[in-house]
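A.B. asks: Mind having a look at this structure? Questions to follow.
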Amino acid sequence: MKKNLVLLTLACLTLLFNTLQAQNFTEFKGKIVSESSGKSLPLADIVIKNTNISTVSNSDGEFALKVPNTDLDKSIIVTYLGYKKTEILLSKLKKQNAKIKLPEAATVLAQVDVNAPADAKSLVKKALKLKGENYHNSKTIMTAFYRETIRKRNKNASLSEAVLKIYKQPYVSNKKDAITLVKSRKNTNYSRLDTIALKLQGGPFSALYTDVMKYPRFIFTENNLSSYEFSFKQSTQVNNKLVYVVDFKQKLGIKEPMYYGQLYIDADTYAVTNAVYNLNVSNRDLASELFVRKKPVNAKVFPTEAAYRVNYRVKNGKWYYGYSNILLSFKVKWSNRLFNSRYTLQSEMAITDWEPTNTEFVNRPKNRLKYNIILTDETSGFADPKFWGEYNIIEPEKSIESAIKKISKKLKKTKA
C-alpha cells in the first residue's frame, strides 16, 4: 500500500512538473521563405530580440521556437544571407503554420565591389587579426542543440540528438572550449551499419571546431596562408549590412588536403559573419587519415565529400558562434564483396541560449566530454521524450521526424 502511494505521489509530482513546465513557455512553429520566389530558406537565424534565445530553421526552412511566457511581448529577428533582416512582434505571429517572408536585399553592391581592398588575402589576414575586437571576449556558458545522423545510402542507420552545455572561452584565448552533456537520445540500426565497427571522427567537438575565428589553425595558419589562392566574388548582405565575399582554394601542386570555399566579411568591421567551405578529398589516402578512427582490415574507407558551414550572430556589436553544419560522405570498398557501401554522416549544432560568466569552473567543468568523443558511444537510448520540454531544438526534417515516430512506437511496444 505504501509503495503504491509513493508511486502515485511520484506520478502526481511528475505530472505537476510537466504541467508547470508547459506553462512556462509558448511554442511557435512555421516556415521561413523568400518573399519573391516562395522558396524555403534553410538555416535562417531566428533570435528573440534583447535576449540570447535563438534557433535555426531546418533544411526545409521550418522552425520551432519555444519562447518563455515572460518574453511574449518581444519581437523575433530573422536573418538570412542575401536577405533583409526582418523583425516581427510575437503577438502578431501565428503559433502554428506561421509563414515568414523575407525580402531580398537590394542589389546596390557595385560601389562596395569598387571600394573593396585590392588584395583578398590581406583582407583575410586583417579579419583574423581583428577577432579580439569583433568577437565576444568574455567567458560564456552556452546551451546548444546537437544532432547527428548516419545514413547508409539513403536510409537512416543512426540518429543521435543532445542538449549540451558549451563552456566557451574568449576568442583571444588559446584555451579550448569544453562541453558537458545535459541529455541525449539515440537509435542505431546496426544491421544497416553491417556491424563493421567503422568509427568516424565526429561528435560535438567537430561541430565546434568549425568556428574558424576561434580555431583558425584547422584551416588557416601563418605557415599555410601562402598555399591558398584568395579572390573576390560579388558582395552580398547580412543583417542589412554589406559584406565582402572572399573565395579561397589551395594552389595547384600541393598534395596535402586543404580547404576551399567562401568567407563572408563585414565591409565595415572586417568581422567574418559566415564561412562555407569544403575539404579537398581528391587525395583519398591522406583525406581518409583525417576522419577514420577504426575500420575492418578487409575494407578501404575514403571520404567522397567533406562540407562545412558556420554562421555567427551579433549582439551589441560583438559576434559569436551561432550554428554549424558538417556533411561527410564516405565509400567503403570491401575486398570480399562485389558492391561498395556508401555512408553519410551529417551533424549540426545550434546555440539556443547563452550567458556571460566569471566562474572559474568554465576552464575545467565537471563531467566534461573528451575531445575525441563520438556521441553514439555516450548515449544509451531514445528515451525520456518529455525531457526536451522548453529546450529549443531544430525542427526535424521529415525523414528524421519519421524515424523518431518509429522509435517511439517501438518503445511503447516494448513497455507493453
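Here, A, B, ... name the chains of the C-alpha cells in the order displayed, residue numbers run from 1 inside each chain, and ligands are numbered from 1 in the same displayed order.
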Stretch 127-138 of chain A: which residues within 12 Å, counting only C-alpha atoms, same-chain residues fewer than 4 positions away excluded, as an MDAnalysis selection string?
C.D. replies: chainID A and resid 120:123 167:174 211:217 219:222 225 244 246 263:273 312:322 354:359 362
A.B. asks: Rounded to one decimal, what separation in Å do you get between atom CA of A:Tyr209 and atom CA of A:Asp177?
C.D. replies: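 Straight-line distance from atom CA of A:Tyr209 to atom CA of A:Asp177 works out to 9.4 Å.
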A.B. asks: Taking the DSSP assignment computed from this structure's backbone, write out as a count of residues only all residues of stretch 164-271 of chain A that belong to helix (DSSP H, G or I).
C.D. replies: 11
A.B. asks: Kindly give the distance, in Å, that separates atom CA of A:Ser329 and atom CA of A:Pro303, rounded to a single decimal.
C.D. replies: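 Atom-to-atom, atom CA of A:Ser329 to atom CA of A:Pro303, that is 5.7 Å.
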A.B. asks: Counting only C-alpha atoms, what is within 8 Å of A:Pro103, bar same-chain residues fewer than 5 positions away, as a list of chain:residue names?
C.D. replies: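 Listing them by chain and then by number gives A:Ser34, A:Glu35, A:Ser36, A:Tyr83, A:Lys84.
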A.B. asks: Restrict the selected residues to C-alpha atoms and save them as a PDB file, in the first residue's frame.
C.D. replies:
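Heads up, here's the output in part.pdb:
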ATOM      1  CA  SER A  34      11.704  34.061 -49.809  1.00  0.00           C
ATOM      2  CA  GLU A  35       9.161  36.827 -50.388  1.00  0.00           C
ATOM      3  CA  SER A  36       9.838  36.937 -54.132  1.00  0.00           C
ATOM      4  CA  TYR A  83      18.019  38.955 -47.488  1.00  0.00           C
ATOM      5  CA  LYS A  84      16.853  41.899 -45.407  1.00  0.00           C
TER       6      LYS A  84
END
A.B. asks: Which residue, A:Thr26, A:Asn58, A:Asn50, A:Asn240, has the smallest gap to A:Ile76 when you use only C-alpha atoms?
C.D. replies: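 Among the listed residues, A:Asn50 lies closest to A:Ile76.
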A.B. asks: Need the shell around A:Lys255: protein/DNA/RNA residues with any atom at most 12 Å away, counting only C-alpha atoms. Skip same-chain ones fewer than 3 positions apart. Format as a ChimeraX atom specification?
C.D. replies: /A:227,250-252,258-259,280-287
A.B. asks: So what do you get for atom CA of A:Leu327 versus atom CA of A:Thr86, distance-wise?
C.D. replies: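 Computing the Euclidean distance for atom CA of A:Leu327 and atom CA of A:Thr86 yields 28.9 Å.
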A.B. asks: Where in stretch 11-170 of chain A does DSSP assign strand (DSSP E or B), given as JSON, numbers by chain?
C.D. replies: {"A": [25, 26, 27, 28, 29, 30, 31, 32, 33, 34, 40, 45, 46, 47, 48, 54, 55, 56, 62, 63, 64, 65, 66, 67, 68, 75, 76, 77, 78, 79, 83, 86, 87, 88, 89, 98, 99, 100, 101, 102, 104, 135, 140, 141, 142, 143, 144, 145, 146, 147, 148, 149, 150, 151, 152, 155, 156, 157, 158, 159, 160, 161, 162, 163, 164, 165, 166, 167, 168]}
A.B. asks: When distances are computed from only C-alpha atoms, which of A:Lys300, A:Lys405, A:Lys95, A:Lys101 shows the smallest separation from A:Ala44?
C.D. replies: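 Answer, going by the shortest atom-to-atom distance: A:Lys101.
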A.B. asks: Taking only C-alpha atoms into account, name the residue in A:Ser226, A:Asn311, A:Thr304, A:Thr55 that is nearest to A:Ile394.
C.D. replies: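 Using only C-alpha atoms, the shortest distance to A:Ile394 belongs to A:Thr55.
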A.B. asks: Do a neighbour search on stretch 337-341 of chain A at 10 Å with only C-alpha atoms, toss out local chain neighbours closer than 6 positions, and write the hits as a list in words.
C.D. replies: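 The neighbour list is Lys152, Arg153, Leu193, Asp194, Asn298, Ala299, Lys300, Val301, Phe330 and Lys331 of chain A.
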A.B. asks: Please dump the current selection as a PDB file, in the first residue's frame; keep C-alpha atoms.
C.D. replies:
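Output file again_2.pdb is given in full below:
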ATOM      1  CA  LYS A 152      23.686   4.043 -45.362  1.00  0.00           C
ATOM      2  CA  ARG A 153      22.809   5.028 -48.892  1.00  0.00           C
ATOM      3  CA  LEU A 193      25.738  -0.459 -40.369  1.00  0.00           C
ATOM      4  CA  ASP A 194      26.795  -4.029 -41.258  1.00  0.00           C
ATOM      5  CA  ASN A 298      39.224  -6.122 -45.233  1.00  0.00           C
ATOM      6  CA  ALA A 299      37.874  -2.685 -46.106  1.00  0.00           C
ATOM      7  CA  LYS A 300      39.209   0.527 -47.607  1.00  0.00           C
ATOM      8  CA  VAL A 301      37.412   3.647 -46.417  1.00  0.00           C
ATOM      9  CA  PHE A 330      32.283   8.001 -47.337  1.00  0.00           C
ATOM     10  CA  LYS A 331      32.693   4.992 -49.574  1.00  0.00           C
TER      11      LYS A 331
END
A.B. asks: Using only C-alpha atoms, pick whichever of A:Ile53, A:Ile351, A:Val243, A:Ala64 has the shortest atom-to-atom distance to A:Leu208.
C.D. replies: A:Ile351
A.B. asks: Between A:Val238, A:Ala178, A:Ala207, A:Leu43, which has the minimum distance to A:Pro365 (counting only C-alpha atoms)?
C.D. replies: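 Among the listed residues, A:Ala178 lies closest to A:Pro365.
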A.B. asks: Tell me which of A:Ala118, A:Trp334, A:Glu305, A:Val310 sits closest to A:Phe230, counting only C-alpha atoms.
C.D. replies: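 Using only C-alpha atoms, A:Phe230 sits closest to A:Ala118.
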A.B. asks: What's around A:Asn239 at 7 Å? Count only C-alpha atoms, leave out sequence neighbours fewer than 2 positions away in its own chain, and write the answer as a PyMOL selection string.
C.D. replies: chain A and resi 79+84-85+237+241
